[in-house]
Each structure stands twice: as structure tokens, then as C-alpha cells.
Amino acid sequence: MAAQADERVMISERIAPGMLPRVLNSMDMTIIFVAIVLFIVNASAIQRAGPAAYTYWILGFLAFLIPGALITAQLGLMFPQEGSLYVWTQKALGPFWGFFAGFCAWWPGILVMAATGDAVVSIWQFIETGGLPKNWQQGLVILAVLWFSAFISMLRLRMTQNYANLAVIFYGAAIFVIGLSGILWLIGTGHSATGGFGTFDNWVPHGGTWTLFGLVILALLGIEVPLNMGVEIVDIRAIKKYLFWGSIVVMVGYLWATFGTMMTLPASKSTGGVADIFAAVQTAFWGSHAWAVIIALIALWFFVSNTVVYNYSFSRLLFVSGLEQRMPRQLGTVNERTKVPVHAIITQTVLASGVTVVAFGPWFGSDNTSKIFWMLQAAVTVIWCISMVLLFADVFLVKRAFPEKFEEVRVAPTPVLYACGIIGMAASVIGMVVTFKTPWVTQWTTHGWRVWLAIIVAVSALVAVAIYAISEYTRRREAPTPTVTPAA
């Protein structure tokens, strides 16, 4: 038992608080949560479910977002350390599962960074019809977004966070306009462009659209990400505040944007393209392409800034891996002047750049921007959901391992937390299964979708296991050999 307890003690718990300044308040944490979770282009892809889209959203909120927020609050208050899920799972299950959970929570950040750059390309192509026709042009734009994010992320965290706060406020205004489009359309025409709201069966999920539950899970992933920076929070009370207000903003934002798009555009004709939400604005605002372009430009700026948020928040997982000697030790260092993990930021930007070069090479057609975007998003869903299964399971295990600490910070009755753990694990598994079932968008065939998704997920899991095995071998080689003292 003593050896098991020693395994759960982490180097980063002792070292990280002295390396990183406390600068994040509850507003900052809420902004990070919204930037990570409220990925408004998901309101385009879910359109083809028709009225059942609202049912899927509500199911996602009840089965994933709210349980996830409660479990995250409990674990975050028990262990407010840098690295969030990495730390919590190591406390619950030991170093291998801690690293594996941390990797499965970190690696999707690399894929999303490439995907947010891809979203910038798609929005650009809405703004400028026929723009960026070549693969290499699209790839260069994504690389520019990635390295801009690295530059901003390497500034002092307070400066970087102020920039992100401003971008998210403008983003919120753009989302308000998207929802307002639905109101204007109803006032002007007296009816919804999407029919079937009066038929009960249209509100009920069915086999043809169950895969969209995976999309909803994707849209709600990232609950725990602000706590990747656990030791950089000024006041621990910010944990509950960001989870409460962030969850409300996310729920309202998704429902509002879905309403605006579905009232204005026929859901049956939706291809799930990123540009649908801007087309809805143009249609509702009397065909004004200029007004739609203004909203698209704000969204484009947000996705550039969103890449910044992903870069600095996910770099903390890499930073903890460096401190724990699971990754090169240089990743566990900070710049002396800015106090941010520069090596971790540069490393993951290089990796995201590699993903971009592969995805936008000559072997893919130049018209596949949206296709690649949704495949990256699907891979993110499955890999990240693996880590979320571990997060929901952690609540049972830390209760047993640290009963006094569990009771000291308990955020809800224990049966409620246990119910959240069971429901959250089930929702995560279902999200993975239905994501494999059928493509989210029409650009993919079912066979191609399943094959590419399986390849990405399998390779990612194998990489995680290989890195851990190499780190264990290296640690054993570097461990001092005990010397035997001869008897007197």
C-alpha cells in the first residue's frame, strides 16, 4: 500500500506552484471554458437532424455537460494542481493510467489546433468566394494561424489572457446575431424555413441521426481544460464559478445558434458545412452579404484566437509530462522572463504543423477543406472521450483512496456524484460508438469515415503506450544503482 501511495505522488505537485504565477480569476477561467467548449460551427453540422437537434442538445447537456461539470468541480477542488486529468487519474489509478489519460486529453488539442486553422480557411472561403483554391494556400494559412498562436501564447499569461477575453466577448456578440437571424426570419416570413416542428416523431432521435450524438459530445468536450492551469488560479473558488457560468453560456449559445440557423435555412438541405451559420445571417438580414461577412470576420478572428487558447491551455499537460519525466525534461521548464512553458508551446505547435502538412498535402483534393475538418473533429471526439471515461471513473476511485479529502470539498451528495460518474461514462462510450457508426457530414462515405477514424485513433493510442514504455525504460536506466555496504 505504501508503494502504491508513493506512485500517486507527483513531482509536479511540489515543483509547479513555484514555477508558475497565479494570474487567472473566475472571469478568465469562464472565458477559457467558453473558448474551448462553445465551438459554434457545430450548430451547422447538427442541422440535418431537424427538430431532433434540440433533443440531442438537451440529452448532451443532461448526460455529459452537467455531470462532467459536477465531477470536474469535485476533482478540481480535491487536487487543484497543474495538469487536471493527468493528476486526478494518477491519484486514482497510478502513473500509467495518469499518463494515458493525460495523453488522451492532450493529443486532441493538437488535432483541434489544426482544425481551428481549417475553420479559418472555411470562413475565409465564405468571405471570398473562390478564395484559397489550392491545398498549399490553405495549408499556409493554417500554419500562419498556428505560429501566431504560438507567439501570443509565449507572452506573459496575463497579456495573452486579456487578448483572449476580448476576442471571446466579440464572439459572443456574433453568436447573438446568428440567433437573432431566426427571430428576424420569423417576423419577416411568419414561418420557419425548416418544417416538421409540429410532428412529435421529428423531435425523436432515430437510427439515421444517432451519430450526431457523437457530434454533441464533441461540442461539449473540454470541461476540465481550464484546470490544466490549476496552480495559476488566484482563488480556488473560481473553479465552481467557471463551471457554473461557463455551462450556462455554452447551453444557451448552442441552442440559440441552432435556432437561428434552423429557422432561416431548411435543415433537410444542410450539408453540415461551416458556412451555414453565416448563410443564415445573410438570408435573415435581407440578403446582405456585407453583414454576413462582418459576422464571419469576427468568427474568423475568434478561431485564430481560439487556437491561442488551445495552445497555452494544452501546453500545461505537456509541461506536467516533462516535470514527471514522461516526456523530455525541457518540456517541464518555463521561460525565466514570461514564466510560461515555451518549449511545450513550441513542441505542440510543431506537431500541429506536421498534422497540417500531412492533411493538406497533394494527396488530398483542394475541395476537401470541410471534409478534413470534420474527420479531425471526429478523431478528437473518440480520443478525448477515452480520457473522459477515465475522468468520470476517477470520482469512484478517489473517494476510496482519499475519503477525508473527498468529504472536505464535496460539491454534491455522494450518490449524485456517483450517478454523474455512471451517466458520464455511458455518454462518453455511446459518443465514441455512434461517432464510428456513420459520417457526420455527407462528404464522407461510411467506409472511408470508419477506416480513417480507426487509423487515427489506433495510432494515437499506440503512441501513448510507446511513450510511456520508453519513459519507464529511461527512468530505470537513469536510476542510481544501490550499493551494498560490506559487513564490518
# chains A, B, ... in the order shown; residues from 1 in each chain; ligands from 1
>>> residues_around(residues="region 191-208 of chain A", least_positions_apart="5", cutoff="6 Å", atoms="only C-alpha atoms", output="list in words")
Pro51, Ala52, Leu186, Met263, Thr264, Leu265, Pro266 and Ala267 of chain A
>>> residues_around(residues="region 76-78 of chain A", least_positions_apart="2", cutoff="12 Å", atoms="only C-alpha atoms", output="count of residues only")
53
>>> closest_residue(among="A:Leu157, A:Leu221, A:Thr189, A:Phe436", to="Gly448 (chain A)", atoms="only C-alpha atoms")
A:Phe436
>>> closest_residue(among="A:Ala427, A:Leu146, A:Ile386, A:Val168", to="Gly102 (chain A)", atoms="only C-alpha atoms")
A:Ile386
>>> closest_atom_pairs(of="region 106-191 of chain A", to="region 325-348 of chain A", cutoff="7 Å", atoms="only C-alpha atoms", output="JSON lines")
{"residue": "A:Ile110", "atom": "CA", "partner": "A:Gln348", "partner_atom": "CA", "distance": 6.5}
{"residue": "A:Ala150", "atom": "CA", "partner": "A:Ile345", "partner_atom": "CA", "distance": 6.3}
{"residue": "A:Met154", "atom": "CA", "partner": "A:Val342", "partner_atom": "CA", "distance": 5.8}
{"residue": "A:Leu155", "atom": "CA", "partner": "A:Thr338", "partner_atom": "CA", "distance": 6.1}
{"residue": "A:Arg156", "atom": "CA", "partner": "A:Thr338", "partner_atom": "CA", "distance": 4.7}
>>> residues_around(residues="Val380 (chain A)", least_positions_apart="6", cutoff="8 Å", atoms="only C-alpha atoms", output="ChimeraX atom specification")
/A:108-109,111-112,218
>>> write_last_selection(atoms="N, CA and C atoms", output="PDB file, in the first residue's frame")
ATOM      1  N   PRO A 108      -5.802  15.418 -28.486  1.00  0.00           N
ATOM      2  CA  PRO A 108      -6.867  16.089 -29.234  1.00  0.00           C
ATOM      3  C   PRO A 108      -6.631  17.586 -29.407  1.00  0.00           C
ATOM      4  N   GLY A 109      -5.936  18.201 -28.438  1.00  0.00           N
ATOM      5  CA  GLY A 109      -5.624  19.622 -28.573  1.00  0.00           C
ATOM      6  C   GLY A 109      -4.798  19.904 -29.810  1.00  0.00           C
ATOM      7  N   LEU A 111      -4.846  18.106 -32.610  1.00  0.00           N
ATOM      8  CA  LEU A 111      -5.741  17.956 -33.758  1.00  0.00           C
ATOM      9  C   LEU A 111      -6.696  19.141 -33.866  1.00  0.00           C
ATOM     10  N   VAL A 112      -7.179  19.625 -32.719  1.00  0.00           N
ATOM     11  CA  VAL A 112      -8.101  20.766 -32.756  1.00  0.00           C
ATOM     12  C   VAL A 112      -7.389  22.029 -33.222  1.00  0.00           C
ATOM     13  N   LEU A 218     -18.765  15.908 -28.820  1.00  0.00           N
ATOM     14  CA  LEU A 218     -17.620  16.714 -29.264  1.00  0.00           C
ATOM     15  C   LEU A 218     -17.813  18.168 -28.868  1.00  0.00           C
TER      16      LEU A 218
END
>>> residues_around(residues="Ala275 (chain A)", least_positions_apart="2", cutoff="10 Å", atoms="only C-alpha atoms", output="list in words")
Val41, Ser44, Ala119, Ser122, Ile123, Trp124, Gln125, Phe126, Ile127, Thr271, Gly272, Gly273, Ile277, Phe278, Ala279, Ala280, Ala296 and Ser370 of chain A
>>> residues_around(residues="Phe99 (chain A)", least_positions_apart="4", cutoff="10 Å", atoms="only C-alpha atoms", output="PyMOL selection string")
chain A and resi 85-87+89-90+94-95+103-105+317+320-321+324+326+464-465+467-468
